[in-house]
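Coordinates as given in target26.txt (compact mmCIF, C-alpha atoms and all ligand atoms):
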```txt
# COMPACT_ATOMS: atom_id res chain seq x y z
CA MET A 1255 -84.99 73.06 -36.90
CA ASN A 1256 -81.33 73.68 -35.94
CA LYS A 1257 -78.88 74.39 -38.79
CA CYS A 1258 -75.92 71.98 -38.83
CA SER A 1259 -72.75 74.12 -38.59
CA PHE A 1260 -70.18 71.32 -38.77
CA THR A 1261 -69.71 67.57 -39.27
CA SER A 1262 -66.87 65.25 -38.38
CA GLU A 1263 -66.06 61.56 -38.82
CA TYR A 1264 -64.28 58.95 -36.64
CA ASP A 1265 -64.11 55.17 -36.32
CA ILE A 1266 -65.45 55.27 -32.75
CA VAL A 1267 -66.97 58.09 -30.70
CA VAL A 1268 -66.95 58.00 -26.88
CA CYS A 1269 -69.62 60.19 -25.27
CA GLY A 1270 -68.59 61.45 -21.83
CA GLY A 1271 -65.10 62.11 -20.52
CA GLY A 1272 -65.40 60.68 -17.01
CA ILE A 1273 -63.16 57.83 -15.85
CA ALA A 1274 -65.14 55.30 -17.93
CA GLY A 1275 -65.02 57.46 -21.07
CA ILE A 1276 -61.30 58.16 -20.74
CA SER A 1277 -60.53 54.46 -20.25
CA ALA A 1278 -62.62 53.57 -23.29
CA ALA A 1279 -61.13 56.32 -25.50
CA VAL A 1280 -57.52 55.52 -24.55
CA THR A 1281 -58.13 51.80 -25.23
CA VAL A 1282 -59.56 52.61 -28.68
CA ALA A 1283 -56.73 55.03 -29.54
CA ARG A 1284 -54.09 52.51 -28.48
CA ALA A 1285 -55.68 50.00 -30.84
CA GLY A 1286 -54.98 52.42 -33.69
CA ARG A 1287 -58.56 53.60 -34.32
CA ARG A 1288 -59.59 57.23 -34.89
CA VAL A 1289 -61.45 58.16 -31.74
CA ALA A 1290 -63.21 61.26 -30.41
CA MET A 1291 -64.17 61.82 -26.78
CA ILE A 1292 -67.04 64.28 -26.33
CA GLU A 1293 -67.29 65.99 -22.94
CA LYS A 1294 -69.70 68.72 -21.90
CA SER A 1295 -67.38 70.27 -19.29
CA ILE A 1296 -63.82 71.46 -19.90
CA LEU A 1297 -62.23 68.91 -17.57
CA PRO A 1298 -61.49 65.19 -17.85
CA GLY A 1299 -62.51 62.79 -15.07
CA GLY A 1300 -66.24 63.42 -14.47
CA LEU A 1301 -67.21 62.81 -10.84
CA ALA A 1302 -63.63 61.93 -9.86
CA VAL A 1303 -62.50 65.45 -10.85
CA SER A 1304 -65.45 67.83 -11.21
CA GLY A 1305 -67.49 65.98 -8.57
CA LEU A 1306 -64.51 66.02 -6.14
CA VAL A 1307 -64.91 62.28 -5.47
CA ASN A 1308 -61.28 61.70 -4.58
CA ILE A 1309 -61.07 58.15 -3.27
CA PHE A 1310 -59.96 55.53 -5.78
CA LEU A 1311 -61.61 52.46 -4.26
CA PRO A 1312 -59.66 49.17 -4.25
CA LEU A 1313 -58.41 47.14 -7.17
CA CYS A 1314 -58.14 44.15 -4.81
CA ASP A 1315 -60.60 41.85 -3.08
CA GLY A 1316 -59.58 42.60 0.52
CA CYS A 1317 -58.01 39.14 0.85
CA GLY A 1318 -54.70 40.13 -0.70
CA ASN A 1319 -55.60 39.43 -4.34
CA GLN A 1320 -55.51 42.08 -7.04
CA ILE A 1321 -58.65 41.70 -9.20
CA ILE A 1322 -58.46 44.65 -11.61
CA PHE A 1323 -55.37 45.34 -13.73
CA GLY A 1324 -54.96 47.26 -17.01
CA ILE A 1325 -56.09 50.85 -17.42
CA ALA A 1326 -57.72 50.97 -13.98
CA GLU A 1327 -54.34 50.32 -12.34
CA GLU A 1328 -52.66 52.82 -14.68
CA LEU A 1329 -55.23 55.46 -13.65
CA LEU A 1330 -54.85 54.69 -9.94
CA ASN A 1331 -51.12 55.34 -10.30
CA LEU A 1332 -51.74 58.51 -12.33
CA SER A 1333 -54.18 59.84 -9.70
CA VAL A 1334 -51.30 60.31 -7.24
CA LYS A 1335 -48.54 61.10 -9.77
CA TYR A 1336 -48.65 64.91 -9.47
CA GLY A 1337 -50.29 65.36 -6.08
CA PRO A 1338 -50.32 64.09 -2.52
CA GLY A 1339 -51.28 60.46 -1.92
CA SER A 1340 -49.30 57.27 -2.17
CA ILE A 1341 -49.69 53.64 -3.19
CA PRO A 1342 -50.13 51.47 -0.06
CA PRO A 1343 -46.93 49.61 0.78
CA GLY A 1344 -46.77 46.07 -0.53
CA TRP A 1345 -48.56 46.65 -3.83
CA ASN A 1346 -45.33 46.45 -5.73
CA GLY A 1347 -46.46 44.71 -8.84
CA ASP A 1348 -46.79 41.12 -7.66
CA GLY A 1349 -50.55 41.47 -7.34
CA ARG A 1350 -50.75 40.19 -3.75
CA ASN A 1351 -50.78 41.97 -0.42
CA LYS A 1352 -52.34 40.72 2.76
CA ILE A 1353 -52.19 43.89 4.83
CA SER A 1354 -53.75 46.87 3.09
CA ARG A 1355 -56.26 47.35 0.30
CA TYR A 1356 -54.95 48.61 -3.05
CA MET A 1357 -56.64 52.03 -3.04
CA VAL A 1358 -55.63 55.69 -2.79
CA LYS A 1359 -56.93 59.12 -1.87
CA PHE A 1360 -55.93 61.66 -4.55
CA SER A 1361 -56.14 65.35 -5.39
CA SER A 1362 -58.82 65.87 -8.07
CA ALA A 1363 -56.84 68.75 -9.63
CA ALA A 1364 -53.62 66.74 -9.84
CA PHE A 1365 -55.54 63.81 -11.36
CA ALA A 1366 -57.09 66.10 -14.01
CA LEU A 1367 -53.65 67.27 -15.15
CA ALA A 1368 -52.40 63.68 -15.39
CA LEU A 1369 -55.53 62.68 -17.34
CA ASP A 1370 -55.00 65.51 -19.86
CA GLU A 1371 -51.46 64.27 -20.38
CA LEU A 1372 -52.65 60.68 -20.86
CA LEU A 1373 -55.31 61.65 -23.41
CA GLU A 1374 -52.84 63.73 -25.39
CA LYS A 1375 -50.15 61.03 -25.39
CA SER A 1376 -52.68 58.39 -26.45
CA GLY A 1377 -53.89 60.42 -29.42
CA VAL A 1378 -57.54 60.78 -28.38
CA ASP A 1379 -59.25 63.70 -30.16
CA VAL A 1380 -60.96 65.48 -27.26
CA TRP A 1381 -63.96 67.78 -27.74
CA TYR A 1382 -64.50 69.72 -24.50
CA ASP A 1383 -67.38 72.11 -23.92
CA THR A 1384 -69.43 70.01 -26.31
CA VAL A 1385 -72.71 68.45 -25.24
CA VAL A 1386 -74.36 65.50 -26.97
CA THR A 1387 -77.98 66.48 -27.57
CA GLY A 1388 -79.33 63.57 -29.60
CA VAL A 1389 -78.58 60.78 -32.05
CA GLU A 1390 -79.11 60.20 -35.79
CA MET A 1391 -80.43 56.69 -36.40
CA ASP A 1392 -80.75 54.34 -39.35
CA LYS A 1393 -83.13 51.64 -38.06
CA THR A 1394 -81.23 50.03 -35.15
CA ARG A 1395 -77.86 51.70 -35.79
CA ILE A 1396 -76.64 55.11 -34.69
CA THR A 1397 -75.06 56.89 -37.65
CA GLY A 1398 -74.05 60.07 -35.81
CA ILE A 1399 -74.49 62.06 -32.63
CA ASP A 1400 -75.93 65.56 -32.53
CA VAL A 1401 -73.72 67.92 -30.57
CA PHE A 1402 -73.75 71.55 -29.53
CA ASN A 1403 -70.79 73.79 -28.73
CA LYS A 1404 -69.62 77.36 -29.40
CA SER A 1405 -69.55 76.63 -33.16
CA GLY A 1406 -73.25 75.80 -33.04
CA HIS A 1407 -75.00 72.51 -33.78
CA GLY A 1408 -73.00 69.72 -35.42
CA ILE A 1409 -73.08 66.03 -36.23
CA ILE A 1410 -70.25 63.63 -35.44
CA ASN A 1411 -70.44 60.38 -37.40
CA ALA A 1412 -68.80 57.03 -36.59
CA GLY A 1413 -69.23 53.30 -37.00
CA GLU A 1414 -69.39 52.55 -33.26
CA PHE A 1415 -70.44 54.58 -30.22
CA ILE A 1416 -69.75 54.25 -26.51
CA ASP A 1417 -72.10 55.80 -23.97
CA ALA A 1418 -69.99 56.84 -20.97
CA THR A 1419 -72.18 59.79 -19.96
CA GLY A 1420 -72.78 58.40 -16.45
CA ASP A 1421 -76.51 58.97 -17.08
CA ALA A 1422 -77.12 56.68 -20.10
CA ASP A 1423 -78.01 59.74 -22.20
CA ILE A 1424 -77.04 58.14 -25.52
CA ALA A 1425 -78.88 54.89 -24.82
CA LYS A 1426 -81.95 56.95 -23.92
CA PHE A 1427 -81.66 59.09 -27.08
CA ALA A 1428 -81.39 55.88 -29.13
CA GLY A 1429 -84.64 54.59 -27.63
CA CYS A 1430 -83.07 51.87 -25.46
CA GLU A 1431 -84.69 51.01 -22.15
CA VAL A 1432 -83.12 52.66 -19.09
CA ILE A 1433 -83.89 52.35 -15.38
CA GLU A 1434 -83.71 55.22 -12.90
CA GLY A 1435 -81.90 54.97 -9.58
CA GLU A 1436 -82.27 56.80 -6.29
CA SER A 1437 -79.80 59.20 -4.67
CA LYS A 1438 -79.91 60.56 -1.16
CA MET A 1439 -78.20 63.91 -0.66
CA THR A 1440 -74.42 63.89 -0.24
CA ILE A 1441 -72.33 67.05 -0.19
CA TRP A 1442 -68.54 66.91 -0.60
CA ALA A 1443 -66.37 70.02 -0.95
CA GLN A 1444 -62.80 71.09 -0.34
CA GLN A 1445 -61.96 73.11 2.73
CA ALA A 1446 -58.86 74.71 4.19
CA SER A 1447 -57.96 75.42 7.76
CA LEU A 1448 -54.95 76.79 9.58
CA GLN A 1449 -55.04 73.88 12.02
CA GLN A 1450 -54.96 71.31 9.22
CA SER A 1451 -52.15 73.20 7.47
CA GLU A 1452 -50.14 73.30 10.71
CA SER A 1453 -50.60 69.53 11.11
CA ALA A 1454 -49.45 69.00 7.51
CA VAL A 1455 -46.24 70.90 8.26
CA LYS A 1456 -45.77 69.31 11.69
CA PHE A 1457 -46.13 65.75 10.38
CA ASN A 1458 -44.54 66.56 7.00
CA ASP A 1459 -47.62 65.04 5.35
CA PRO A 1460 -49.01 66.92 2.29
CA GLU A 1461 -52.00 64.53 2.21
CA LEU A 1462 -53.37 66.46 5.20
CA LEU A 1463 -53.77 69.51 2.91
CA ASN A 1464 -56.25 67.53 0.81
CA ASN A 1465 -59.00 68.28 3.30
CA MET A 1466 -62.64 67.56 2.48
CA VAL A 1467 -65.87 68.48 4.19
CA LYS A 1468 -68.40 65.64 3.83
CA LEU A 1469 -72.00 66.37 4.75
CA GLY A 1470 -75.28 64.53 4.24
CA ALA A 1471 -75.84 60.91 3.32
CA LYS A 1472 -73.15 58.28 3.51
CA GLU A 1473 -73.13 55.62 0.81
CA SER A 1474 -75.55 53.58 2.98
CA GLY A 1475 -78.04 56.46 2.78
CA GLU A 1476 -77.69 57.17 6.49
CA GLY A 1477 -77.43 60.92 7.22
CA HIS A 1478 -79.70 62.19 4.42
CA PRO A 1479 -80.57 65.76 5.51
CA THR A 1480 -84.04 65.99 7.05
CA GLY A 1481 -86.52 67.74 4.78
CA GLU A 1482 -84.51 67.24 1.58
CA LYS A 1483 -86.02 65.34 -1.34
CA ILE A 1484 -84.61 61.90 -2.24
CA GLN A 1485 -83.72 62.22 -5.94
CA GLN A 1486 -85.09 59.78 -8.51
CA GLY A 1487 -83.12 59.51 -11.73
CA ILE A 1488 -82.00 62.79 -13.24
CA ASP A 1489 -83.46 65.65 -15.30
CA GLY A 1490 -82.63 69.27 -15.97
CA LYS A 1491 -84.51 70.59 -12.97
CA THR A 1492 -83.17 67.91 -10.60
CA VAL A 1493 -79.62 69.05 -11.30
CA SER A 1494 -80.43 72.68 -10.49
CA GLU A 1495 -82.49 71.99 -7.36
CA TYR A 1496 -80.00 69.48 -5.97
CA SER A 1497 -77.02 71.77 -6.58
CA ILE A 1498 -78.67 74.79 -4.96
CA ALA A 1499 -79.87 72.77 -1.94
CA SER A 1500 -76.53 71.06 -1.38
CA ARG A 1501 -74.64 74.39 -1.49
CA ARG A 1502 -77.15 75.79 1.04
CA HIS A 1503 -76.04 73.02 3.45
CA LEU A 1504 -72.41 73.89 2.82
CA LEU A 1505 -73.09 77.56 3.51
CA ASP A 1506 -74.78 76.66 6.82
CA TYR A 1507 -71.74 74.56 7.75
CA PHE A 1508 -69.25 77.36 7.02
CA LYS A 1509 -71.50 80.02 8.62
CA HIS A 1510 -71.41 77.92 11.78
CA GLN A 1511 -67.60 77.73 11.64
CA ILE A 1512 -67.37 81.53 11.29
CA SER A 1513 -69.99 82.37 13.95
CA GLU A 1514 -68.20 80.10 16.44
CA LYS A 1515 -64.69 81.42 15.93
CA GLY A 1516 -64.82 84.54 13.75
CA GLU A 1517 -61.57 85.16 11.90
CA ASN A 1518 -60.11 82.05 13.53
CA ALA A 1519 -62.79 79.84 11.96
CA SER A 1520 -61.59 76.25 11.93
CA ALA A 1521 -62.34 75.83 8.22
CA PHE A 1522 -63.01 77.88 5.07
CA PRO A 1523 -64.48 76.79 1.70
CA LEU A 1524 -61.73 76.14 -0.86
CA GLY A 1525 -63.28 74.22 -3.77
CA LEU A 1526 -66.86 73.36 -4.76
CA PRO A 1527 -68.08 70.52 -7.00
CA SER A 1528 -68.89 71.61 -10.54
CA MET A 1529 -70.77 68.40 -11.30
CA VAL A 1530 -73.89 67.19 -9.52
CA GLN A 1531 -73.02 64.61 -6.83
CA LEU A 1532 -75.79 62.10 -7.53
CA ARG A 1533 -74.70 58.51 -6.95
CA ARG A 1534 -77.30 56.68 -9.06
CA THR A 1535 -79.10 58.35 -11.97
CA ARG A 1536 -79.82 55.91 -14.83
CA ARG A 1537 -78.51 52.59 -16.04
CA ILE A 1538 -79.32 50.53 -19.11
CA VAL A 1539 -81.25 47.31 -19.46
CA GLY A 1540 -78.61 45.21 -21.18
CA LYS A 1541 -78.63 41.93 -23.02
CA GLU A 1542 -77.51 40.53 -19.65
CA THR A 1543 -77.85 42.03 -16.18
CA ILE A 1544 -75.44 41.52 -13.28
CA THR A 1545 -77.63 40.41 -10.38
CA ALA A 1546 -76.93 39.67 -6.71
CA ASN A 1547 -76.46 36.00 -7.71
CA PHE A 1548 -73.34 36.92 -9.67
CA ALA A 1549 -71.35 37.48 -6.44
CA ASN A 1550 -68.44 35.01 -6.50
CA LYS A 1551 -70.22 33.03 -9.23
CA LYS A 1552 -68.24 31.82 -12.22
CA ILE A 1553 -70.12 32.68 -15.38
CA GLU A 1554 -69.24 31.26 -18.78
CA ASN A 1555 -69.04 34.39 -20.92
CA TYR A 1556 -67.40 36.85 -18.55
CA ILE A 1557 -65.00 39.43 -19.97
CA GLY A 1558 -63.88 41.11 -16.75
CA ALA A 1559 -64.31 41.17 -12.99
CA VAL A 1560 -64.52 43.76 -10.22
CA PRO A 1561 -64.18 43.36 -6.45
CA SER A 1562 -66.69 44.51 -3.88
CA TRP A 1563 -65.21 47.47 -2.01
CA LYS A 1564 -67.50 46.72 0.95
CA ASP A 1565 -67.21 42.99 1.52
CA ASN A 1566 -63.85 41.26 1.61
CA GLY A 1567 -63.51 38.28 -0.71
CA VAL A 1568 -66.49 39.15 -2.94
CA VAL A 1569 -65.85 39.44 -6.69
CA TRP A 1570 -68.36 40.24 -9.46
CA GLN A 1571 -67.79 38.91 -12.94
CA ILE A 1572 -68.85 41.10 -15.86
CA PRO A 1573 -70.58 39.49 -18.87
CA GLU A 1574 -70.26 41.22 -22.24
CA GLY A 1575 -74.06 41.56 -22.44
CA ALA A 1576 -74.07 43.96 -19.45
CA LEU A 1577 -72.36 46.53 -21.72
CA ILE A 1578 -74.76 46.10 -24.65
CA PRO A 1579 -78.19 47.71 -24.57
CA GLU A 1580 -81.10 45.94 -26.22
CA GLY A 1581 -82.26 47.57 -29.45
CA CYS A 1582 -79.13 49.29 -30.76
CA LYS A 1583 -76.54 47.37 -32.78
CA ASN A 1584 -73.53 49.70 -32.61
CA LEU A 1585 -73.73 51.09 -29.08
CA ALA A 1586 -71.83 49.86 -26.02
CA VAL A 1587 -71.98 51.43 -22.58
CA ALA A 1588 -69.30 51.89 -19.94
CA GLY A 1589 -69.10 53.02 -16.34
CA ARG A 1590 -71.80 53.36 -13.74
CA ILE A 1591 -74.58 52.88 -16.30
CA ILE A 1592 -73.90 49.24 -17.24
CA SER A 1593 -76.68 46.73 -16.68
CA ALA A 1594 -76.50 45.80 -13.00
CA GLU A 1595 -79.29 45.18 -10.53
CA GLU A 1596 -80.02 47.78 -7.84
CA GLY A 1597 -78.20 46.80 -4.64
CA PRO A 1598 -74.74 45.24 -4.17
CA ALA A 1599 -74.21 44.57 -7.89
CA TRP A 1600 -74.71 48.21 -8.93
CA GLU A 1601 -72.71 49.37 -5.90
CA ALA A 1602 -69.73 47.29 -7.02
CA VAL A 1603 -69.77 48.35 -10.67
CA ARG A 1604 -70.11 52.10 -10.07
CA SER A 1605 -66.85 52.50 -8.10
CA ILE A 1606 -64.01 54.38 -9.83
CA PRO A 1607 -61.83 51.27 -10.46
CA ALA A 1608 -64.85 49.36 -11.78
CA VAL A 1609 -65.87 52.14 -14.20
CA ALA A 1610 -62.29 52.34 -15.49
CA HIS A 1611 -62.36 48.59 -16.06
CA THR A 1612 -65.70 48.59 -17.92
CA GLY A 1613 -64.45 51.55 -19.98
CA GLU A 1614 -61.53 49.44 -21.13
CA LEU A 1615 -63.87 46.49 -21.82
CA ALA A 1616 -66.25 48.66 -23.88
CA GLY A 1617 -63.32 50.08 -25.84
CA LYS A 1618 -62.07 46.58 -26.71
CA LEU A 1619 -65.59 45.46 -27.61
CA CYS A 1620 -66.07 48.31 -30.11
CA VAL A 1621 -62.58 47.90 -31.58
CA GLY A 1622 -63.47 44.26 -32.21
CA ARG A 1623 -66.70 45.28 -33.95
CA CYS A 1624 -65.24 47.81 -36.41
C1 LIG B 1 -71.23 61.57 -3.66
C2 LIG B 1 -70.50 60.44 -4.32
C3 LIG B 1 -69.50 59.77 -3.62
C4 LIG B 1 -68.80 58.73 -4.24
N1 LIG B 1 -67.76 58.15 -3.57
C5 LIG B 1 -66.92 57.31 -4.24
C6 LIG B 1 -65.68 56.92 -3.68
O1 LIG B 1 -65.31 57.32 -2.56
N2 LIG B 1 -64.85 56.12 -4.43
C7 LIG B 1 -65.23 55.62 -5.66
O2 LIG B 1 -64.45 54.85 -6.25
N3 LIG B 1 -66.43 55.97 -6.21
C8 LIG B 1 -67.24 56.84 -5.55
N4 LIG B 1 -68.40 57.28 -6.14
C9 LIG B 1 -68.80 56.71 -7.44
C10 LIG B 1 -67.96 57.21 -8.60
O3 LIG B 1 -67.45 58.49 -8.35
C11 LIG B 1 -68.77 57.27 -9.91
O4 LIG B 1 -69.69 56.21 -10.00
C12 LIG B 1 -67.83 57.21 -11.09
O5 LIG B 1 -66.85 58.23 -10.98
C13 LIG B 1 -68.64 57.36 -12.38
O6 LIG B 1 -67.77 57.43 -13.49
P1 LIG B 1 -68.37 57.43 -14.98
O7 LIG B 1 -67.21 57.70 -15.86
O8 LIG B 1 -69.21 56.22 -15.19
O9 LIG B 1 -69.38 58.67 -15.01
P2 LIG B 1 -69.18 60.22 -14.68
O10 LIG B 1 -68.10 60.46 -13.71
O11 LIG B 1 -70.57 60.68 -14.37
O12 LIG B 1 -68.71 60.82 -16.08
C14 LIG B 1 -69.61 61.10 -17.12
C15 LIG B 1 -69.06 62.26 -17.96
O13 LIG B 1 -69.91 62.47 -19.06
C16 LIG B 1 -70.17 63.86 -19.24
N5 LIG B 1 -71.50 63.97 -19.85
C17 LIG B 1 -72.69 63.61 -19.33
N6 LIG B 1 -73.67 63.81 -20.20
C18 LIG B 1 -73.09 64.32 -21.31
C19 LIG B 1 -73.60 64.74 -22.58
N7 LIG B 1 -74.91 64.65 -22.86
N8 LIG B 1 -72.73 65.23 -23.49
C20 LIG B 1 -71.40 65.31 -23.21
N9 LIG B 1 -70.87 64.92 -22.03
C21 LIG B 1 -71.71 64.43 -21.10
C22 LIG B 1 -70.12 64.42 -17.82
O14 LIG B 1 -69.80 65.82 -17.85
C23 LIG B 1 -69.02 63.57 -17.19
O15 LIG B 1 -67.74 64.16 -17.33
C24 LIG B 1 -69.13 58.33 -5.56
C25 LIG B 1 -70.15 59.02 -6.26
C26 LIG B 1 -70.82 60.07 -5.64
C27 LIG B 1 -71.85 60.82 -6.44
```
Can you dump the structure from the file as structure tokens?
Ligand SMILES: Cc1cc2nc3c(=O)[nH]c(=O)nc-3n(C[C@H](O)[C@H](O)[C@H](O)COP(=O)(O)OP(=O)(O)OC[C@H]3O[C@@H](n4cnc5c(N)ncnc54)[C@H](O)[C@@H]3O)c2cc1C
Amino acid sequence: MNKCSFTSEYDIVVCGGGIAGISAAVTVARAGRRVAMIEKSILPGGLAVSGLVNIFLPLCDGCGNQIIFGIAEELLNLSVKYGPGSIPPGWNGDGRNKISRYMVKFSSAAFALALDELLEKSGVDVWYDTVVTGVEMDKTRITGIDVFNKSGHGIINAGEFIDATGDADIAKFAGCEVIEGESKMTIWAQQASLQQSESAVKFNDPELLNNMVKLGAKESGEGHPTGEKIQQGIDGKTVSEYSIASRRHLLDYFKHQISEKGENASAFPLGLPSMVQLRRTRRIVGKETITANFANKKIENYIGAVPSWKDNGVVWQIPEGALIPEGCKNLAVAGRIISAEEGPAWEAVRSIPAVAHTGELAGKLCVGRC
């Protein structure tokens, strides 16, 4: 039995400080509620920062119409505020542009600094280096979350909780049904090369310094390295095995660069992901599930909408029930774990703009409930 070293109390607790968690926490703080955001790493942004996923997919539908506004748009702007990257011309606030999609490539480090600033300005109480290890329940309500950090084991109590862990950890701890997804192996890292740096200077384009190496499976699954396991869901051992194997592929790539050209190697490793790059781990079974039939369908009780980043003109409406797991009265979920069917529906809702949007929706939902 672990001794409880500390307790704390808030109106709403957001578990996970990825893009969904930040959007939820900022929404709650702006509504004047006392909010804590619990994050196991020491960085904000989750996969967008620690996972080096540095493409903010579009806020628009590919036919010139902006679909997502609010915090997602604020975050897109922040992602390029202190680093290279720029808003495509034409997206000047009128919400319509026929030429380019409203998306950006950003520097993960610059985005992290802007996110810290946003959290501080909004008044979110951030607990970094703190992992949620379980929940305290009273029948179908969570009364507190069990956490562990350098002070030891503690309990953080609140009236409402938001699971933005990207893996549905809190829903699982609370006994709610979750479904596992499949991830083929993708390896993204930062690299530097003299050639790329020369081009950046020659074309006066700092974006060229934001140079990534991308190995393994594309989003379609094509390119999964031969002989590597296809990951199901997530568990402690998966994370270790996947991380070790993906870095082995990176090492082979850079060894090849060096053996070909020696000291004039065309690229060197510069930054490695510090979060496992699994696309689909777990999602909840919600009161409602977004299925393939939801594409371009008007539903009665929708609270938000996200565009497909693959197919122009396709929009997915989000019902409130997709954020509410069955079996727990004071838990909402946000981000890539909301209730969406495997296939195009889940693909649409797990993009960075979509997770920001559902974070904001979950924040509003919990503010309304407490
Ligand atoms: C390889 C790859 C490529 C991708 N490419 C793109 C792309 O180009 N563009 C795009 O828009 N999207 C892309 N995506 C999808 C997108 O990056 C993610 O779906 C999205 O960032 C998920 O955000 P989230 O906030 O829901 O979860 P996460 O980013 O997973 O954040 C969850 C946070 O919770 C924390 N956490 C987890 N468990 C606990 C716990 N028990 N206690 C405390 N903290 C915890 C984690 O440390 C993390 O910070 C890609 C994903 C992958 C893996």
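All residues of protein, DNA or RNA that reach within 6 Å of Gly1575 (chain A), judged by only C-alpha atoms and not counting those fewer than 2 positions away in the chain, are Gly1540, Lys1541, Glu1542, Pro1573, Leu1577 and Ile1578 of chain A.
Shortest atom-to-atom contact with ligand LIG 1 (chain B) among A:Ala1274, A:Leu1332, A:Val1587, A:Val1539: A:Ala1274, counting all atoms listed in the file.
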Close residues, Ala1278 (chain A) itself excluded, 6 Å, only C-alpha atoms, min 6 positions apart in chain, as a list in words: Gly1613, Glu1614 and Gly1617 of chain A
Best match for closeness to Cys1269 (chain A) among A:Gly1589, A:Pro1312, A:Gly1435, A:Pro1527, counting all atoms listed in the file: A:Gly1589
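Among the candidates A:Lys1404, A:Thr1419, A:Gly1429, A:Gly1344, the one nearest to Glu1390 (chain A) when counting only C-alpha atoms is A:Gly1429.
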7 Å shell around ligand LIG 1 (chain B) using all atoms listed in the file, listed as JSON, numbers by chain: {"A": [1269, 1270, 1271, 1272, 1273, 1274, 1275, 1292, 1293, 1294, 1295, 1298, 1299, 1300, 1301, 1302, 1307, 1308, 1309, 1310, 1311, 1384, 1385, 1386, 1387, 1418, 1419, 1420, 1421, 1423, 1440, 1441, 1442, 1531, 1532, 1533, 1588, 1589, 1590, 1591, 1604, 1605, 1606, 1607, 1609]}
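Distances from A:Gln1320, A:Asn1351, A:Asn1555, A:Ser1376 to Ala1283 (chain A) were compared using all atoms listed in the file, and the smallest one belongs to A:Ser1376.
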Among listed residues A:Ala1446, A:Ile1544, A:Met1439, A:Cys1430, nearest Glu1580 (chain A) (using all atoms listed in the file): A:Cys1430
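Nearest residue to Gly1398 (chain A) among A:Glu1554, A:Glu1327, A:Glu1452, A:Asp1265 is A:Asp1265, counting all atoms listed in the file.
Interatomic distance, CA of Gly1413 (chain A) against CA of Ala1290 (chain A): 12.0 Å.
Here CA of Leu1313 (chain A) and CA of Phe1360 (chain A) stand 15.0 Å from one another.
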Between CA of Met1529 (chain A) and CA of Ala1363 (chain A) - distance in Å to one decimal: 14.0 Å
Within-7 Å shell of (-64.7, 45.7, -20.1) in input frame, all atoms listed in the file, as a PyMOL selection string: chain A and resi 1557-1558+1611-1616
Ser1354 (chain A) environment, 10 Å, all atoms listed in the file, sequence neighbours closer than 3 positions dropped, as a VMD selection string: chain A and resid 1312 1314 1316 to 1318 1342 to 1345 1351 1357
Nearby residues (all atoms listed in the file) at most 8 Å from Val1389 (chain A), same-chain spacing under 2 positions excluded, as a PyMOL selection string: chain A and resi 1387+1391+1396-1400+1424+1427-1428
Atoms to include: C-alpha atoms. Write the selected residues as a PDB file, in the frame of the given file.
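After the write, again28.pdb holds the following:
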```pdb
ATOM      1  CA  THR A1387     -77.980  66.480 -27.570  1.00  0.00           C
ATOM      2  CA  MET A1391     -80.430  56.690 -36.400  1.00  0.00           C
ATOM      3  CA  ILE A1396     -76.640  55.110 -34.690  1.00  0.00           C
ATOM      4  CA  THR A1397     -75.060  56.890 -37.650  1.00  0.00           C
ATOM      5  CA  GLY A1398     -74.050  60.070 -35.810  1.00  0.00           C
ATOM      6  CA  ILE A1399     -74.490  62.060 -32.630  1.00  0.00           C
ATOM      7  CA  ASP A1400     -75.930  65.560 -32.530  1.00  0.00           C
ATOM      8  CA  ILE A1424     -77.040  58.140 -25.520  1.00  0.00           C
ATOM      9  CA  PHE A1427     -81.660  59.090 -27.080  1.00  0.00           C
ATOM     10  CA  ALA A1428     -81.390  55.880 -29.130  1.00  0.00           C
TER      11      ALA A1428
END
```
Start from the incomplete input, build N, CA, C and O atoms for region 1615-1620 of chain A, and deliver everything as a short mmCIF file (atom, residue, chain, number, x, y, z; two decimals), in the frame of the given file.
```
data_model
loop_
_atom_site.label_atom_id
_atom_site.label_comp_id
_atom_site.auth_asym_id
_atom_site.auth_seq_id
_atom_site.Cartn_x
_atom_site.Cartn_y
_atom_site.Cartn_z
N LEU A 1615 -63.16 47.61 -21.18
CA LEU A 1615 -63.87 46.49 -21.82
C LEU A 1615 -64.73 46.98 -22.99
O LEU A 1615 -64.77 46.35 -24.06
N ALA A 1616 -65.40 48.12 -22.80
CA ALA A 1616 -66.25 48.66 -23.88
C ALA A 1616 -65.39 49.09 -25.06
O ALA A 1616 -65.77 48.89 -26.23
N GLY A 1617 -64.24 49.68 -24.77
CA GLY A 1617 -63.32 50.08 -25.84
C GLY A 1617 -62.90 48.87 -26.67
O GLY A 1617 -62.96 48.90 -27.91
N LYS A 1618 -62.51 47.79 -25.99
CA LYS A 1618 -62.07 46.58 -26.71
C LYS A 1618 -63.22 45.99 -27.52
O LYS A 1618 -63.03 45.52 -28.65
N LEU A 1619 -64.41 46.01 -26.93
CA LEU A 1619 -65.59 45.46 -27.61
C LEU A 1619 -65.85 46.20 -28.93
O LEU A 1619 -66.05 45.57 -29.99
N CYS A 1620 -65.79 47.52 -28.89
CA CYS A 1620 -66.07 48.31 -30.11
C CYS A 1620 -64.95 48.18 -31.13
O CYS A 1620 -65.21 48.14 -32.33
#
```
